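**Q** Structure file data.cif, mmCIF, C-alpha atoms, is pasted below:
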data_upload
loop_
_atom_site.group_PDB
_atom_site.id
_atom_site.type_symbol
_atom_site.label_atom_id
_atom_site.label_comp_id
_atom_site.auth_asym_id
_atom_site.auth_seq_id
_atom_site.Cartn_x
_atom_site.Cartn_y
_atom_site.Cartn_z
ATOM 1 C CA MET A 11 42.799 -21.920 22.350
ATOM 2 C CA SER A 12 38.993 -21.680 22.506
ATOM 3 C CA ALA A 13 38.669 -25.384 23.320
ATOM 4 C CA SER A 14 40.935 -24.907 26.334
ATOM 5 C CA ARG A 15 38.834 -22.143 27.890
ATOM 6 C CA SER A 16 36.615 -24.654 29.691
ATOM 7 C CA ILE A 17 39.456 -25.892 31.921
ATOM 8 C CA GLU A 18 38.251 -25.624 35.504
ATOM 9 C CA SER A 19 40.370 -28.287 37.194
ATOM 10 C CA TRP A 20 44.097 -28.844 37.503
ATOM 11 C CA GLN A 21 43.571 -32.458 36.377
ATOM 12 C CA GLN A 22 42.511 -31.200 32.921
ATOM 13 C CA VAL A 23 45.761 -29.284 32.307
ATOM 14 C CA LYS A 24 47.947 -31.030 29.723
ATOM 15 C CA SER A 25 49.763 -28.186 27.921
ATOM 16 C CA ARG A 26 50.936 -24.583 28.147
ATOM 17 C CA GLN A 27 47.717 -23.358 26.554
ATOM 18 C CA GLY A 28 45.711 -25.496 28.968
ATOM 19 C CA PHE A 29 47.633 -23.999 31.883
ATOM 20 C CA ALA A 30 46.950 -20.485 30.553
ATOM 21 C CA ALA A 31 43.235 -21.345 30.391
ATOM 22 C CA TYR A 32 43.345 -22.692 33.953
ATOM 23 C CA LEU A 33 45.046 -19.505 35.166
ATOM 24 C CA SER A 34 42.275 -17.487 33.491
ATOM 25 C CA PHE A 35 39.689 -19.608 35.279
ATOM 26 C CA LEU A 36 41.484 -19.053 38.595
ATOM 27 C CA ALA A 37 41.574 -15.285 37.978
ATOM 28 C CA VAL A 38 37.813 -15.181 37.441
ATOM 29 C CA GLU A 39 37.125 -17.433 40.420
ATOM 30 C CA CYS A 40 39.449 -15.351 42.598
ATOM 31 C CA GLY A 41 37.523 -12.238 41.566
ATOM 32 C CA GLN A 42 34.272 -13.864 42.634
ATOM 33 C CA ALA A 43 35.751 -14.927 45.971
ATOM 34 C CA CYS A 44 37.190 -11.476 46.646
ATOM 35 C CA SER A 45 33.986 -9.631 45.758
ATOM 36 C CA GLY A 46 32.488 -10.680 49.087
ATOM 37 C CA GLN A 47 28.985 -10.951 47.665
ATOM 38 C CA ASP A 48 28.309 -14.441 49.032
ATOM 39 C CA ALA A 49 30.494 -15.340 52.011
ATOM 40 C CA GLU A 50 29.085 -18.883 52.143
ATOM 41 C CA SER A 51 29.711 -19.866 48.529
ATOM 42 C CA PRO A 52 32.032 -22.801 47.717
ATOM 43 C CA THR A 53 34.159 -20.432 45.634
ATOM 44 C CA VAL A 54 34.957 -18.313 48.683
ATOM 45 C CA SER A 55 36.044 -21.359 50.684
ATOM 46 C CA ARG A 56 38.515 -22.275 47.913
ATOM 47 C CA TRP A 57 40.319 -18.916 48.272
ATOM 48 C CA THR A 58 41.665 -18.329 51.754
ATOM 49 C CA ASN A 59 44.727 -16.637 50.195
ATOM 50 C CA ARG A 60 43.336 -13.598 48.382
ATOM 51 C CA THR A 61 46.420 -11.416 48.037
ATOM 52 C CA ILE A 62 49.513 -11.859 45.896
ATOM 53 C CA ASP A 63 51.817 -12.088 48.893
ATOM 54 C CA GLY A 64 49.403 -14.423 50.719
ATOM 55 C CA LEU A 65 49.360 -16.814 47.768
ATOM 56 C CA LEU A 66 53.151 -16.649 47.422
ATOM 57 C CA TRP A 67 53.734 -17.333 51.134
ATOM 58 C CA GLY A 68 51.338 -20.269 50.869
ATOM 59 C CA TRP A 69 53.467 -21.547 47.985
ATOM 60 C CA VAL A 70 56.588 -21.178 50.132
ATOM 61 C CA ARG A 71 54.921 -23.463 52.674
ATOM 62 C CA LEU A 72 53.935 -26.024 50.017
ATOM 63 C CA LEU A 73 57.448 -26.099 48.586
ATOM 64 C CA GLY A 74 58.905 -26.444 52.095
ATOM 65 C CA GLY A 75 56.597 -29.353 52.885
ATOM 66 C CA HIS A 76 58.041 -31.196 49.902
ATOM 67 C CA PHE A 77 61.361 -31.460 51.699
ATOM 68 C CA ASP A 78 59.994 -32.986 54.904
ATOM 69 C CA GLY A 79 57.612 -35.319 53.065
ATOM 70 C CA THR A 80 54.395 -33.775 54.384
ATOM 71 C CA ASP A 81 53.145 -32.532 51.012
ATOM 72 C CA LEU A 82 53.479 -33.761 47.467
ATOM 73 C CA LEU A 83 54.090 -31.426 44.564
ATOM 74 C CA HIS A 84 52.504 -33.716 41.974
ATOM 75 C CA GLU A 85 55.549 -33.999 39.754
ATOM 76 C CA GLU A 86 54.963 -35.516 36.336
ATOM 77 C CA ALA A 87 58.568 -36.651 36.067
ATOM 78 C CA PRO A 88 61.473 -36.616 38.506
ATOM 79 C CA ASP A 89 62.459 -32.994 39.162
ATOM 80 C CA ARG A 90 59.925 -31.715 36.621
ATOM 81 C CA PRO A 91 56.528 -30.557 37.773
ATOM 82 C CA GLY A 92 55.034 -30.324 34.272
ATOM 83 C CA TRP A 93 52.033 -28.159 33.403
ATOM 84 C CA GLN A 94 49.632 -30.328 35.374
ATOM 85 C CA GLY A 95 51.954 -30.402 38.374
ATOM 86 C CA LEU A 96 52.211 -26.620 38.314
ATOM 87 C CA ALA A 97 48.412 -26.341 38.105
ATOM 88 C CA TYR A 98 48.143 -28.718 41.071
ATOM 89 C CA GLN A 99 50.471 -26.520 43.104
ATOM 90 C CA LEU A 100 48.392 -23.413 42.367
ATOM 91 C CA ASP A 101 45.204 -25.254 43.239
ATOM 92 C CA THR A 102 46.763 -26.248 46.560
ATOM 93 C CA VAL A 103 48.216 -22.851 47.502
ATOM 94 C CA ARG A 104 44.841 -21.129 47.210
ATOM 95 C CA THR A 105 44.139 -22.477 50.704
ATOM 96 C CA ALA A 106 47.638 -23.258 52.035
ATOM 97 C CA SER A 107 48.603 -21.617 55.303
ATOM 98 C CA PRO A 108 51.318 -19.030 54.702
ATOM 99 C CA SER A 109 54.863 -19.725 55.826
ATOM 100 C CA PHE A 110 56.633 -16.425 56.406
ATOM 101 C CA ASN A 111 60.350 -17.062 56.085
ATOM 102 C CA PHE A 112 62.278 -13.859 55.626
ATOM 103 C CA VAL A 113 65.626 -15.674 55.725
ATOM 104 C CA LEU A 114 64.647 -17.409 52.479
ATOM 105 C CA ALA A 115 63.556 -14.074 51.059
ATOM 106 C CA ASP A 116 66.988 -12.556 51.680
ATOM 107 C CA SER A 117 68.667 -15.113 49.417
ATOM 108 C CA GLY A 118 68.827 -12.729 46.459
ATOM 109 C CA ILE A 119 68.221 -15.599 44.027
ATOM 110 C CA GLU A 120 67.366 -14.686 40.440
ATOM 111 C CA PRO A 121 64.930 -16.616 38.206
ATOM 112 C CA ASP A 122 67.671 -17.963 35.945
ATOM 113 C CA GLU A 123 69.446 -19.420 39.019
ATOM 114 C CA VAL A 124 66.494 -21.643 39.986
ATOM 115 C CA ASP A 125 67.169 -25.358 39.472
ATOM 116 C CA THR A 126 65.372 -27.163 42.322
ATOM 117 C CA PRO A 127 62.167 -26.918 44.387
ATOM 118 C CA ARG A 128 64.286 -25.400 47.199
ATOM 119 C CA ASP A 129 65.544 -22.699 44.798
ATOM 120 C CA LEU A 130 61.981 -21.968 43.708
ATOM 121 C CA GLN A 131 60.948 -21.724 47.354
ATOM 122 C CA ARG A 132 63.647 -19.094 47.890
ATOM 123 C CA TYR A 133 62.606 -17.194 44.770
ATOM 124 C CA VAL A 134 58.908 -17.243 45.689
ATOM 125 C CA ALA A 135 59.768 -15.927 49.178
ATOM 126 C CA THR A 136 61.833 -13.179 47.538
ATOM 127 C CA LEU A 137 58.872 -12.232 45.320
ATOM 128 C CA ALA A 138 56.491 -12.159 48.295
ATOM 129 C CA THR A 139 58.647 -9.708 50.241
ATOM 130 C CA ASP A 140 59.340 -7.657 47.105
ATOM 131 C CA PHE A 141 55.602 -7.319 46.480
ATOM 132 C CA VAL A 142 54.958 -6.070 50.027
ATOM 133 C CA ARG A 143 57.883 -3.631 49.793
ATOM 134 C CA ASP A 144 56.593 -2.354 46.465
ATOM 135 C CA GLN A 145 53.087 -1.792 47.850
ATOM 136 C CA GLU A 146 54.474 0.012 50.901
ATOM 137 C CA GLU A 147 56.565 2.302 48.679
ATOM 138 C CA CYS A 148 53.522 3.168 46.550
ATOM 139 C CA GLN A 149 51.442 3.896 49.643
ATOM 140 C CA ALA A 150 54.220 6.077 51.079
ATOM 141 C CA LYS A 151 54.179 8.150 47.865
ATOM 142 C CA ILE A 152 50.437 8.589 48.150
ATOM 143 C CA ASP A 153 50.751 9.534 51.830
ATOM 144 C CA ARG A 154 53.306 12.229 50.884
ATOM 145 C CA GLY A 155 50.920 13.578 48.254
ATOM 146 C CA GLN A 156 53.076 12.353 45.369
ATOM 147 C CA TRP A 157 51.672 10.896 42.199
ATOM 148 C CA ALA A 158 51.723 7.096 42.223
ATOM 149 C CA GLY A 159 49.541 6.505 39.165
ATOM 150 C CA ASP A 160 52.013 4.217 37.462
ATOM 151 C CA GLY A 161 52.311 2.105 40.579
ATOM 152 C CA GLY A 162 55.585 0.477 41.502
ATOM 153 C CA SER A 163 57.657 -2.285 40.001
ATOM 154 C CA TRP A 164 54.697 -4.715 40.094
ATOM 155 C CA ALA A 165 52.223 -4.224 37.265
ATOM 156 C CA HIS A 166 49.301 -5.387 39.426
ATOM 157 C CA SER A 167 48.424 -4.987 43.068
ATOM 158 C CA ASN A 168 45.579 -7.496 43.329
ATOM 159 C CA LEU A 169 45.678 -11.255 42.941
ATOM 160 C CA CYS A 170 42.970 -11.548 40.280
ATOM 161 C CA ASP A 171 44.731 -9.151 37.907
ATOM 162 C CA TRP A 172 48.097 -10.792 38.552
ATOM 163 C CA LEU A 173 46.721 -14.260 37.735
ATOM 164 C CA ASP A 174 45.098 -12.830 34.603
ATOM 165 C CA ALA A 175 48.396 -11.233 33.516
ATOM 166 C CA TRP A 176 50.216 -14.510 34.142
ATOM 167 C CA ALA A 177 47.625 -16.306 31.993
ATOM 168 C CA ALA A 178 48.042 -13.772 29.172
ATOM 169 C CA TRP A 179 51.829 -14.049 29.247
ATOM 170 C CA VAL A 180 51.887 -17.868 29.346
ATOM 171 C CA GLY A 181 49.313 -18.044 26.550
ATOM 172 C CA ALA A 182 51.261 -15.701 24.267
ATOM 173 C CA ASN A 183 54.050 -16.720 21.901
ATOM 174 C CA SER A 184 57.537 -15.257 21.745
ATOM 175 C CA PRO A 185 61.087 -16.589 21.519
ATOM 176 C CA ARG A 186 61.291 -16.473 25.325
ATOM 177 C CA HIS A 187 58.383 -18.915 25.576
ATOM 178 C CA ALA A 188 60.635 -21.649 24.179
ATOM 179 C CA GLN A 189 62.287 -21.668 27.625
ATOM 180 C CA LEU A 190 59.013 -22.824 29.195
ATOM 181 C CA GLU A 191 59.054 -26.328 27.721
ATOM 182 C CA PRO A 192 59.431 -28.696 29.443
ATOM 183 C CA VAL A 193 58.169 -27.158 32.675
ATOM 184 C CA THR A 194 61.055 -27.047 35.116
ATOM 185 C CA TRP A 195 61.545 -25.229 38.406
ATOM 186 C CA ARG A 196 63.474 -22.584 36.471
ATOM 187 C CA SER A 197 60.742 -22.098 33.877
ATOM 188 C CA ILE A 198 58.237 -21.557 36.717
ATOM 189 C CA ALA A 199 60.507 -18.856 38.131
ATOM 190 C CA LEU A 200 60.721 -17.253 34.667
ATOM 191 C CA GLN A 201 56.911 -17.258 34.443
ATOM 192 C CA LEU A 202 56.568 -15.611 37.845
ATOM 193 C CA SER A 203 59.175 -13.019 36.934
ATOM 194 C CA ALA A 204 57.317 -12.163 33.725
ATOM 195 C CA ALA A 205 53.887 -12.091 35.407
ATOM 196 C CA ARG A 206 55.202 -9.545 37.901
ATOM 197 C CA ILE A 207 55.619 -6.909 35.182
ATOM 198 C CA TYR A 208 53.227 -8.069 32.428
ATOM 199 C CA GLU A 209 50.214 -5.836 31.762
#
Rewrite the structure from the file as structure tokens, please.
**A**
Amino acid sequence: MSASRSIESWQQVKSRQGFAAYLSFLAVECGQACSGQDAESPTVSRWTNRTIDGLLWGWVRLLGGHFDGTDLLHEEAPDRPGWQGLAYQLDTVRTASPSFNFVLADSGIEPDEVDTPRDLQRYVATLATDFVRDQEECQAKIDRGQWAGDGGSWAHSNLCDWLDAWAAWVGANSPRHAQLEPVTWRSIALQLSAARIYE
């Protein structure tokens, strides 16, 4: 995988390992943007969504635009985004305006029920609201003086760490990883589900 570590553009992504390397790059870049050291840097301008829920709501908007023809999802094959298409979506949602749609979030869809971009949109909205709920529950514990050291049901509370965990999970090998090829809307949902709890 060492050759893949130099991937800094979604156009360079051709494989699962390449996507993992791109996620790692995004995690580092996100960390630089969120550090606030140089507010004028180009890196900062590429990260208007700097929270997990902000990025997810931006993705909801991108997926919704696909249906009205205002945005393209860069699909590599009909109904299959592919690794490069998925990288393109992430590149785009870094700066996409959020689309808060709590009706979509109430769908109760599970990752293994995702078959279409519309299903993924519903699942991403569900994750966004679940993340906010989880953070609120952790903060409520802290406010009551209870120990919240293990956090909630999300392994990470900041975007950089979440992207890094996603990269580590996608780059690993296990029997479950066989479900990731080819990249389908369902396999994206499975990745997001795993990244939510992966440390």
**Q** Go through A:Asp122, A:Trp69, A:Gln21, A:Gln27 and flag the residue nearest Asn183 of chain A, using all atoms listed in the file for the distances.
**A**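 Selected residue with least distance to Asn183 of chain A: A:Gln27.
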**Q** Report the distance between atom CA of Leu190 of chain A and atom CA of Val134 of chain A in Å, rounded to one decimal place.
**A**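 Between atom CA of Leu190 of chain A and atom CA of Val134 of chain A the gap is 17.4 Å.
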**Q** Using only C-alpha atoms, which of A:Asp125, A:Asp101, A:Asp140, A:Glu18 sits nearest Val38 of chain A?
**A** A:Glu18
**Q** Could you pull the residues within 12 Å of Thr126 of chain A, counting all atoms listed in the file, minus those fewer than 6 positions along the same chain, as a PyMOL selection string?
**A** chain A and resi 73-74+76-77+88-91+132-133+194-199
**Q** Using Å and a single decimal, report how far atom CA of Gln189 of chain A sits from atom CA of Asn59 of chain A.
**A**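 Atom CA of Gln189 of chain A lies at a distance of 29.0 Å from atom CA of Asn59 of chain A.
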**Q** Which is closer to Ala204 of chain A than all the others in A:Cys148, A:Leu169, A:Leu137, A:Ala37, using all atoms listed in the file?
**A**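 Of all the options, A:Leu137 lies closest to Ala204 of chain A.
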**Q** Can you work out which one of A:Ala177, A:Ala31, A:Leu82, A:Leu114 has the shortest atom-to-atom distance to Arg206 of chain A, counting all atoms listed in the file?
**A**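 Answer, going by the shortest atom-to-atom distance: A:Ala177.
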**Q** Could you list, as a ChimeraX atom specification, every residue within 9 Å of Glu85 of chain A, counting all atoms listed in the file and ignoring same-chain residues fewer than 6 positions away?
**A** /A:91-92,94-96
**Q** Written as a ChimeraX atom specification, which residues does the PyMOL selection byres ((chain A and resi 139) around 12) give for the file shown?
**A** /A:62-67,70,110-118,132-138,140-146,164
**Q** Pick from A:Ser167, A:Leu36, A:Pro52, A:Glu147: nearest to Arg104 of chain A, with only C-alpha atoms counted?
**A**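 Counting only C-alpha atoms, the residue closest to Arg104 of chain A is A:Leu36.
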**Q** Please compute the atom CA of Trp57 of chain A-atom CA of Leu100 of chain A distance, one decimal, in Å.
**A** 11.0 Å
**Q** Check the smallest atom-to-atom distance from each of A:Ala188, A:Arg60, A:Glu120, A:Thr53 to Arg26 of chain A using all atoms listed in the file, then report the winner.
**A** A:Ala188
**Q** Once the PyMOL selection byres ((chain A and resi 34) around 10) has been evaluated on this model, what residues remain selected, and can you format them as a list in words?
**A**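 When the PyMOL selection byres ((chain A and resi 34) around 10) is applied to the shown file, the picked residues are Arg15, Ser16, Ile17, Glu18, Gly28, Phe29, Ala30, Ala31, Tyr32, Leu33, Phe35, Leu36, Ala37, Val38, Glu39, Cys40, Cys170, Asp171, Leu173, Asp174, Ala175, Trp176, Ala177, Ala178 and Gly181 of chain A.
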**Q** Return the padded bounding box of segment 100-115 of chain A as JSON: axis-aligned, built from all atoms listed in the file, 3 Å added on each side, with centre and edge lengths in Å to one decimal.
**A**
{"center_x": 54.9, "center_y": -20.1, "center_z": 49.4, "size_x": 27.5, "size_y": 18.4, "size_z": 20.0}
**Q** Could you name the residues that touch Ser107 of chain A at 8 Å or less, counting all atoms listed in the file, but leaving out those on the same chain fewer than 2 positions away, as a PDB file with C-alpha atoms, keeping the file's coordinate frame?
**A**
ATOM      1  CA  TRP A  67      53.734 -17.333  51.134  1.00  0.00           C
ATOM      2  CA  GLY A  68      51.338 -20.269  50.869  1.00  0.00           C
ATOM      3  CA  ARG A  71      54.921 -23.463  52.674  1.00  0.00           C
ATOM      4  CA  VAL A 103      48.216 -22.851  47.502  1.00  0.00           C
ATOM      5  CA  THR A 105      44.139 -22.477  50.704  1.00  0.00           C
ATOM      6  CA  SER A 109      54.863 -19.725  55.826  1.00  0.00           C
TER       7      SER A 109
END
